[in-house]
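Note: the block below is work25.txt and it holds compact mmCIF, C-alpha atoms.
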# COMPACT_ATOMS: atom_id res chain seq x y z
CA MET A 1 4.54 69.40 35.94
CA ASP A 2 7.18 72.14 35.58
CA THR A 3 10.05 72.76 38.01
CA PHE A 4 8.12 75.21 40.17
CA GLU A 5 5.15 72.86 40.51
CA LEU A 6 7.41 69.93 41.42
CA LEU A 7 9.30 72.04 43.94
CA LYS A 8 6.12 73.44 45.47
CA ALA A 9 4.65 69.98 45.97
CA LEU A 10 7.86 68.85 47.67
CA CYS A 11 8.22 71.96 49.86
CA ASP A 12 4.60 72.16 50.94
CA ALA A 13 4.58 68.52 52.14
CA ASP A 14 5.68 68.63 55.79
CA GLY A 15 8.69 66.50 56.70
CA PRO A 16 10.54 67.56 59.86
CA ALA A 17 13.64 65.50 60.62
CA GLY A 18 12.66 62.08 61.94
CA ASP A 19 9.03 62.44 60.79
CA GLU A 20 9.36 62.78 57.01
CA VAL A 21 6.49 60.46 56.08
CA ARG A 22 4.26 63.10 54.43
CA ALA A 23 7.01 64.37 52.15
CA ALA A 24 8.32 60.85 51.58
CA ASP A 25 4.91 59.55 50.51
CA TRP A 26 4.55 62.26 47.87
CA ALA A 27 8.11 61.89 46.57
CA ALA A 28 7.88 58.11 46.45
CA GLY A 29 4.74 58.31 44.32
CA TRP A 30 6.34 60.75 41.87
CA LEU A 31 9.53 58.70 41.51
CA ALA A 32 7.59 55.45 41.05
CA ASP A 33 5.54 57.03 38.26
CA CYS A 34 8.47 58.68 36.46
CA CYS A 35 11.72 56.90 37.25
CA GLY A 36 11.50 53.31 38.46
CA PRO A 37 10.68 50.99 41.37
CA VAL A 38 10.81 52.53 44.84
CA GLU A 39 11.63 51.05 48.22
CA ARG A 40 11.63 52.62 51.69
CA SER A 41 14.55 52.01 54.01
CA PRO A 42 14.00 51.11 57.69
CA LEU A 43 14.64 54.78 58.56
CA GLY A 44 12.13 56.00 55.95
CA SER A 45 14.45 57.10 53.13
CA VAL A 46 13.03 56.86 49.60
CA CYS A 47 15.25 54.71 47.32
CA CYS A 48 14.45 54.59 43.60
CA THR A 49 16.24 52.21 41.21
CA VAL A 50 16.62 54.31 38.05
CA VAL A 51 19.09 51.89 36.36
CA PRO A 52 19.53 48.48 38.02
CA PRO A 53 23.11 47.91 39.28
CA GLN A 54 25.15 45.20 37.60
CA GLU A 55 27.86 43.00 39.08
CA GLY A 56 31.32 44.40 38.44
CA ARG A 57 30.12 47.75 37.11
CA PRO A 58 30.00 51.15 38.85
CA HIS A 59 26.88 52.06 40.81
CA LEU A 60 26.15 55.77 41.32
CA LEU A 61 24.00 57.09 44.15
CA LEU A 62 22.31 60.48 43.68
CA ASP A 63 21.34 61.71 47.15
CA ALA A 64 19.40 64.68 48.50
CA HIS A 65 17.95 64.90 51.98
CA LEU A 66 14.19 64.97 52.35
CA ASP A 67 13.85 66.34 55.88
CA GLU A 68 13.52 69.94 57.00
CA VAL A 69 14.31 71.82 60.19
CA GLY A 70 11.43 72.22 62.61
CA PHE A 71 10.51 71.95 66.27
CA ILE A 72 9.15 69.54 68.85
CA VAL A 73 6.56 70.28 71.54
CA THR A 74 8.13 69.99 75.00
CA HIS A 75 5.44 71.41 77.32
CA ILE A 76 1.96 72.97 77.51
CA ASP A 77 1.67 75.44 80.39
CA GLU A 78 -1.33 76.20 82.57
CA ASP A 79 -2.47 79.01 80.28
CA GLY A 80 -2.35 76.85 77.15
CA PHE A 81 0.88 78.25 75.73
CA VAL A 82 3.20 75.75 74.07
CA LYS A 83 6.93 75.45 74.67
CA ILE A 84 9.06 74.07 71.85
CA ALA A 85 12.64 72.99 71.17
CA PRO A 86 14.40 73.13 67.80
CA VAL A 87 14.91 70.02 65.67
CA GLY A 88 17.94 70.86 63.55
CA GLY A 89 19.71 74.21 63.39
CA ILE A 90 17.19 77.06 63.57
CA ASP A 91 17.85 80.72 62.78
CA HIS A 92 15.89 82.11 65.73
CA ARG A 93 16.08 85.73 64.50
CA LEU A 94 13.03 85.27 62.26
CA LEU A 95 10.85 83.38 64.71
CA LEU A 96 8.87 86.14 66.45
CA SER A 97 5.36 86.32 64.95
CA ALA A 98 6.15 83.43 62.55
CA ARG A 99 3.27 81.18 61.51
CA LEU A 100 3.74 77.55 62.50
CA SER A 101 1.64 74.39 62.46
CA ILE A 102 1.61 71.80 65.23
CA LEU A 103 1.22 68.34 63.71
CA GLY A 104 -0.87 66.84 66.50
CA ARG A 105 -3.98 64.68 66.38
CA GLU A 106 -5.15 67.45 64.06
CA GLU A 107 -3.07 70.20 62.47
CA VAL A 108 -3.18 73.19 64.82
CA PRO A 109 -2.12 76.66 63.56
CA ALA A 110 0.06 78.67 65.93
CA VAL A 111 1.90 81.99 66.14
CA VAL A 112 5.27 82.48 67.85
CA SER A 113 5.20 84.95 70.73
CA CYS A 114 7.11 85.75 73.92
CA LEU A 115 6.67 87.46 77.24
CA ALA A 116 7.14 91.22 77.23
CA PRO A 117 10.73 92.16 78.14
CA HIS A 118 9.74 93.80 81.42
CA LEU A 119 8.11 90.53 82.54
CA SER A 120 11.09 88.34 81.67
CA ALA A 121 14.84 88.27 82.15
CA MET A 122 15.45 89.80 78.72
CA GLU A 123 16.80 93.32 78.51
CA GLY A 124 14.51 94.88 75.96
CA PHE A 125 14.38 93.79 72.34
CA LYS A 126 18.00 94.55 71.46
CA LYS A 127 18.46 90.91 70.48
CA ALA A 128 16.04 88.31 69.17
CA PRO A 129 14.97 86.08 72.08
CA PRO A 130 16.30 82.50 72.02
CA VAL A 131 13.93 79.60 71.35
CA ASP A 132 13.65 78.70 75.04
CA LYS A 133 12.12 82.14 75.72
CA LEU A 134 9.42 81.73 73.06
CA TYR A 135 5.89 80.36 73.25
CA LEU A 136 3.38 79.20 70.68
CA ASP A 137 -0.06 80.78 70.93
CA THR A 138 -2.81 78.64 69.40
CA GLY A 139 -5.80 80.49 70.83
CA PHE A 140 -6.82 77.39 72.79
CA GLY A 141 -6.89 76.95 76.54
CA LYS A 142 -4.89 74.16 78.19
CA GLU A 143 -7.70 71.61 78.47
CA GLU A 144 -8.95 72.08 74.91
CA LEU A 145 -5.42 72.13 73.46
CA GLU A 146 -4.41 68.90 75.23
CA ARG A 147 -7.11 67.07 73.29
CA LEU A 148 -5.27 67.99 70.08
CA VAL A 149 -1.59 68.33 71.01
CA ALA A 150 0.85 66.38 73.18
CA PRO A 151 4.53 66.69 74.08
CA GLY A 152 6.56 65.08 71.32
CA ASP A 153 4.36 66.37 68.50
CA ARG A 154 6.27 67.98 65.65
CA VAL A 155 5.97 71.61 64.58
CA CYS A 156 6.67 73.03 61.10
CA TYR A 157 6.86 76.44 59.53
CA ARG A 158 3.72 77.37 57.62
CA ALA A 159 5.22 79.22 54.64
CA PRO A 160 3.98 77.92 51.27
CA LEU A 161 6.39 78.23 48.35
CA ARG A 162 5.92 81.47 46.40
CA ARG A 163 7.44 83.01 43.28
CA LEU A 164 9.61 86.11 43.49
CA LEU A 165 10.94 88.24 40.63
CA GLY A 166 12.65 86.40 37.82
CA GLY A 167 13.14 82.74 38.58
CA ARG A 168 13.57 83.10 42.32
CA VAL A 169 11.31 81.41 44.85
CA THR A 170 10.88 81.64 48.61
CA GLY A 171 9.39 79.45 51.30
CA LYS A 172 10.23 76.84 53.89
CA ALA A 173 12.12 73.55 53.38
CA LEU A 174 14.04 74.62 50.26
CA ASP A 175 16.88 73.09 52.29
CA ASP A 176 16.85 70.51 50.84
CA ARG A 177 13.71 70.05 48.74
CA ALA A 178 15.55 72.11 46.11
CA GLY A 179 18.11 69.30 46.03
CA CYS A 180 15.33 66.69 45.98
CA ALA A 181 13.78 68.41 42.96
CA ALA A 182 17.15 68.40 41.16
CA VAL A 183 17.67 64.68 41.86
CA CYS A 184 14.12 63.89 40.71
CA LEU A 185 14.55 65.85 37.45
CA ALA A 186 17.96 64.25 36.80
CA ALA A 187 16.62 60.75 37.48
CA LYS A 188 13.73 61.35 35.07
CA ALA A 189 16.12 62.57 32.35
CA ILE A 190 18.41 59.54 32.84
CA LYS A 191 15.45 57.17 32.68
CA GLU A 192 13.98 58.79 29.56
CA ALA A 193 17.38 58.67 27.81
CA GLY A 194 17.47 54.89 28.23
CA PHE A 195 20.90 55.10 29.87
CA ALA A 196 22.31 51.73 30.96
CA GLY A 197 26.04 52.38 31.36
CA CYS A 198 26.05 51.83 35.14
CA GLY A 199 23.70 51.40 38.06
CA VAL A 200 21.92 54.58 39.16
CA THR A 201 19.94 54.93 42.39
CA ALA A 202 18.10 58.10 43.41
CA LEU A 203 17.96 58.51 47.20
CA LEU A 204 15.84 61.04 49.07
CA SER A 205 17.18 60.50 52.56
CA THR A 206 15.89 61.22 56.05
CA ARG A 207 17.32 62.78 59.23
CA GLU A 208 20.11 64.85 57.67
CA GLU A 209 19.34 67.80 59.94
CA VAL A 210 19.86 65.65 63.04
CA GLY A 211 22.91 63.62 62.01
CA GLY A 212 22.53 62.16 58.51
CA GLN A 213 21.46 58.69 59.64
CA GLY A 214 19.06 58.20 56.72
CA ALA A 215 21.70 58.57 54.00
CA ALA A 216 24.42 56.59 55.78
CA THR A 217 22.16 53.59 56.40
CA ALA A 218 20.51 53.67 52.97
CA ALA A 219 23.95 53.84 51.34
CA PHE A 220 24.98 50.75 53.30
CA LEU A 221 21.96 48.91 51.84
CA ALA A 222 22.42 50.22 48.28
CA ALA A 223 26.20 49.58 48.30
CA PRO A 224 27.12 52.20 45.65
CA THR A 225 30.65 52.73 44.38
CA HIS A 226 30.17 56.49 43.87
CA CYS A 227 27.83 59.16 45.26
CA VAL A 228 26.86 62.73 44.45
CA ALA A 229 25.33 64.38 47.53
CA VAL A 230 23.09 67.25 46.43
CA ASP A 231 22.38 69.89 49.06
CA VAL A 232 22.11 73.66 49.40
CA SER A 233 24.88 76.03 50.41
CA PHE A 234 25.14 79.69 51.31
CA ALA A 235 24.46 82.30 48.65
CA LEU A 236 25.76 85.82 49.14
CA SER A 237 23.43 88.01 51.19
CA PRO A 238 23.89 91.25 53.17
CA GLY A 239 26.46 90.93 55.93
CA CYS A 240 28.17 87.87 54.45
CA ASP A 241 31.68 87.54 53.05
CA ALA A 242 31.69 86.94 49.30
CA ALA A 243 34.72 84.65 49.67
CA ASP A 244 32.61 82.24 51.74
CA CYS A 245 29.46 82.26 49.59
CA GLY A 246 28.11 81.32 46.20
CA GLU A 247 25.93 83.49 44.02
CA LEU A 248 22.22 83.04 43.29
CA GLY A 249 21.59 82.23 39.65
CA ALA A 250 25.24 81.44 38.85
CA GLY A 251 24.80 77.68 38.78
CA PRO A 252 25.45 74.76 41.13
CA MET A 253 28.46 74.77 43.45
CA ILE A 254 30.81 71.81 42.90
CA GLY A 255 32.43 70.77 46.18
CA TYR A 256 36.13 70.26 46.75
CA ALA A 257 37.35 69.03 50.14
CA PRO A 258 39.88 66.60 51.66
CA THR A 259 36.97 64.23 52.41
CA LEU A 260 35.69 64.27 48.80
CA ASP A 261 36.94 62.52 45.68
CA ARG A 262 39.17 64.74 43.56
CA GLY A 263 38.56 62.78 40.35
CA MET A 264 34.78 63.18 40.64
CA TYR A 265 35.22 66.90 41.32
CA ARG A 266 37.33 67.34 38.20
CA ALA A 267 34.96 65.26 36.08
CA LEU A 268 31.99 67.38 37.20
CA CYS A 269 33.87 70.56 36.28
CA ARG A 270 34.82 69.15 32.84
CA THR A 271 31.22 68.06 32.23
CA ALA A 272 29.83 71.48 33.14
CA GLU A 273 32.34 73.23 30.89
CA GLY A 274 31.70 70.83 28.01
CA GLU A 275 27.92 71.16 28.27
CA GLY A 276 27.95 74.94 28.76
CA ILE A 277 26.31 74.63 32.19
CA PRO A 278 27.19 77.51 34.55
CA PHE A 279 28.82 76.38 37.80
CA GLN A 280 30.73 77.59 40.82
CA ARG A 281 33.39 75.98 42.99
CA GLU A 282 32.92 75.44 46.72
CA ILE A 283 36.19 74.84 48.58
CA MET A 284 35.94 73.27 52.04
CA ALA A 285 38.78 72.49 54.42
CA GLY A 286 37.44 69.30 56.02
CA ARG A 287 34.02 67.78 56.62
CA THR A 288 31.35 69.10 54.28
CA GLY A 289 28.35 69.26 56.62
CA THR A 290 26.38 67.23 54.05
CA ASN A 291 25.35 63.62 53.64
CA ALA A 292 28.63 63.00 51.84
CA ASP A 293 30.31 62.80 55.27
CA GLY A 294 28.24 59.76 56.27
CA VAL A 295 27.90 58.10 52.87
CA SER A 296 31.66 58.16 52.26
CA VAL A 297 32.25 55.82 55.22
CA ALA A 298 29.25 53.50 54.62
CA GLY A 299 30.20 49.86 54.10
CA GLY A 300 33.75 49.63 52.75
CA GLY A 301 33.72 53.29 51.67
CA VAL A 302 32.11 55.27 48.83
CA ARG A 303 33.76 57.85 46.56
CA CYS A 304 31.76 61.07 47.04
CA VAL A 305 31.41 64.57 45.71
CA THR A 306 28.96 67.35 46.61
CA LEU A 307 26.82 69.51 44.36
CA SER A 308 25.17 72.44 46.15
CA ILE A 309 22.38 74.80 45.13
CA PRO A 310 22.98 78.41 46.30
CA GLN A 311 20.46 79.54 48.92
CA ARG A 312 19.84 82.65 50.97
CA TYR A 313 18.42 82.75 54.52
CA MET A 314 18.97 79.07 55.32
CA HIS A 315 16.90 77.46 58.10
CA THR A 316 14.27 80.21 58.11
CA PRO A 317 10.68 80.31 56.82
CA ALA A 318 11.85 82.57 53.98
CA GLU A 319 14.63 80.61 52.27
CA VAL A 320 15.39 81.80 48.72
CA CYS A 321 16.63 79.80 45.71
CA ASP A 322 16.68 80.33 41.96
CA LEU A 323 14.85 77.82 39.74
CA ALA A 324 17.63 78.13 37.14
CA ASP A 325 20.14 76.79 39.67
CA ILE A 326 17.91 73.78 40.38
CA GLU A 327 17.45 73.06 36.67
CA ASN A 328 21.18 73.48 35.96
CA THR A 329 21.98 71.13 38.85
CA ALA A 330 19.66 68.51 37.34
CA ALA A 331 21.13 69.04 33.87
CA LEU A 332 24.68 68.69 35.21
CA LEU A 333 23.82 65.50 37.12
CA ALA A 334 22.23 63.91 34.05
CA ALA A 335 25.11 64.89 31.75
CA TYR A 336 27.66 63.71 34.32
CA VAL A 337 26.02 60.30 34.62
CA LYS A 338 25.62 59.80 30.89
CA GLY A 339 29.18 61.02 30.18
CA GLY A 340 30.68 58.31 32.42
CA GLU A 341 33.88 60.20 33.25
CA TRP A 342 33.30 59.87 36.98
CA SER A 343 33.56 56.06 36.88
CA CYS A 344 37.31 55.91 36.11

What does this structure look like when you write it as structure tokens?
Amino acid sequence: MDTFELLKALCDADGPAGDEVRAADWAAGWLADCCGPVERSPLGSVCCTVVPPQEGRPHLLLDAHLDEVGFIVTHIDEDGFVKIAPVGGIDHRLLLSARLSILGREEVPAVVSCLAPHLSAMEGFKKAPPVDKLYLDTGFGKEELERLVAPGDRVCYRAPLRRLLGGRVTGKALDDRAGCAAVCLAAKAIKEAGFAGCGVTALLSTREEVGGQGAATAAFLAAPTHCVAVDVSFALSPGCDAADCGELGAGPMIGYAPTLDRGMYRALCRTAEGEGIPFQREIMAGRTGTNADGVSVAGGGVRCVTLSIPQRYMHTPAEVCDLADIENTAALLAAYVKGGEWSC
């Protein structure tokens, strides 16, 4: 299974925040086959022991969040149209006419629509309508639809992963299945190398998009001394400021922030330079907006650093990443672990 095939399997498995079981089941099976024994936390996170931790020695947690943004059904009106609310931060500008799937008693395809402007309070189509002005059209009437769908059912984008030119790919849930793929590839490389210098746990955590509860609680159970939180971050796209963005294809973004560990940051940079792995720096002024924020305060505290994969069009059905960035992230993680500099 090459990187694209692994990533496609991860992305195409639905896993909206708080209901990640489909994606978790697939990932747990892959990790158990390739990397080591797997356990599921009470909140559904997938925890794989790659190298068993040893008393008195460092224990490194490699985390990426398994959930994706999505929606929840809030109401079915008299005409059979479905009202939804966002689960996680949604870029609503790309929602009109988007293909979605309602994960009800059966999977029900749906298309996003809205009332015509002259029939609603909107003033034309100068701006994309907010989520509360949108409806899902399934083609079913109210009575027939209520046999399949109920308020509280989850809704996901239906946008299978596809190749673009070069090594770029597009689809839904690349935030953060791209990070999950990198952690899986790194864990496999560490396992195959027979590394035993410290404990290593691979964590694919739940609920990041709604607060990060999966990583914080799993980290409390695993009790690591160090953590690398792998996520995505903004790649330069039209209308964005280059000073605030990374670049697609230029390698993983190593995070530096007051809430992160400076020694781990420097060790990651030295490892990348020594191994000839391209990388970028991501400077943040406070909280990182990643699982590192919750993991760092789990238990008695965990030394954390972030490693981010550049991504365009975050939280849309057409997210874009570069496979080379995912592979370089995995290579950097594996080299960083085996080099041992981070443990000082």

Residue neighbourhood Ile84 in chain A, 9 Å, all atoms listed in the file, exclusion window fewer than 5 positions, as a list in words
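Selected residues are Phe71, Ile72, Val73, Thr74, His75, Val131, Asp132, Leu134, Tyr135, Leu136, Pro151 and Val155 of chain A.
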
Next, dump the selected residues to file, keeping only C-alpha atoms, as a JSON list (two decimals), in the coordinates of the input.
[["chain", "number", "residue", "atom", "x", "y", "z"],
["A", 71, "PHE", "CA", 10.51, 71.95, 66.27],
["A", 72, "ILE", "CA", 9.15, 69.54, 68.85],
["A", 73, "VAL", "CA", 6.56, 70.28, 71.54],
["A", 74, "THR", "CA", 8.13, 69.99, 75.00],
["A", 75, "HIS", "CA", 5.44, 71.41, 77.32],
["A", 131, "VAL", "CA", 13.93, 79.60, 71.35],
["A", 132, "ASP", "CA", 13.65, 78.70, 75.04],
["A", 134, "LEU", "CA", 9.42, 81.73, 73.06],
["A", 135, "TYR", "CA", 5.89, 80.36, 73.25],
["A", 136, "LEU", "CA", 3.38, 79.20, 70.68],
["A", 151, "PRO", "CA", 4.53, 66.69, 74.08],
["A", 155, "VAL", "CA", 5.97, 71.61, 64.58]]

Closest-contact table, range 183-258 of chain A side, partner range 289-297 of chain A, 7 Å, counting all atoms listed in the file, as a Markdown table:
| residue | atom | partner | partner_atom | distance |
| --- | --- | --- | --- | --- |
| A:Glu208 | CA | A:Asn291 | CA | 6.7 |
| A:Gly212 | CA | A:Asn291 | CA | 5.8 |
| A:Ala215 | CA | A:Asn291 | CA | 6.2 |
| A:Ala216 | CA | A:Val295 | CA | 4.8 |
| A:Ala219 | CA | A:Val295 | CA | 6.0 |
| A:Ala229 | CA | A:Ala292 | CA | 5.6 |
| A:Asp231 | CA | A:Thr290 | CA | 6.9 |

Per-residue nearest contacts of range 119-179 of chain A to range 54-65 of chain A (12 Å; all atoms listed in the file) as a tab-separated table:
residue	atom	partner	partner_atom	distance
A:Ala173	CA	A:His65	CA	10.5
A:Leu174	CA	A:His65	CA	10.6
A:Asp175	CA	A:His65	CA	8.3
A:Asp176	CA	A:His65	CA	5.8
A:Arg177	CA	A:His65	CA	7.4
A:Ala178	CA	A:Ala64	CA	8.7
A:Gly179	CA	A:Ala64	CA	5.4

Which residue of A:Asp153, A:Asp79, A:Glu327, A:Asp14 approaches Ala189 in chain A most closely, using all atoms listed in the file:
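Of A:Asp153, A:Asp79, A:Glu327, A:Asp14, the one nearest Ala189 in chain A is A:Glu327, counting all atoms listed in the file.
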
For Asp2 in chain A, the nearest of the candidates A:Glu20, A:Cys184, A:Lys133, A:Gly70, counting all atoms listed in the file
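Smallest distance to Asp2 in chain A is found for A:Cys184.
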
Selected residue, from A:Val46, A:Ala181, A:Ala330, A:Val87, that lies nearest to Arg22 in chain A when counting all atoms listed in the file
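Nearest to Arg22 in chain A: A:Val46.
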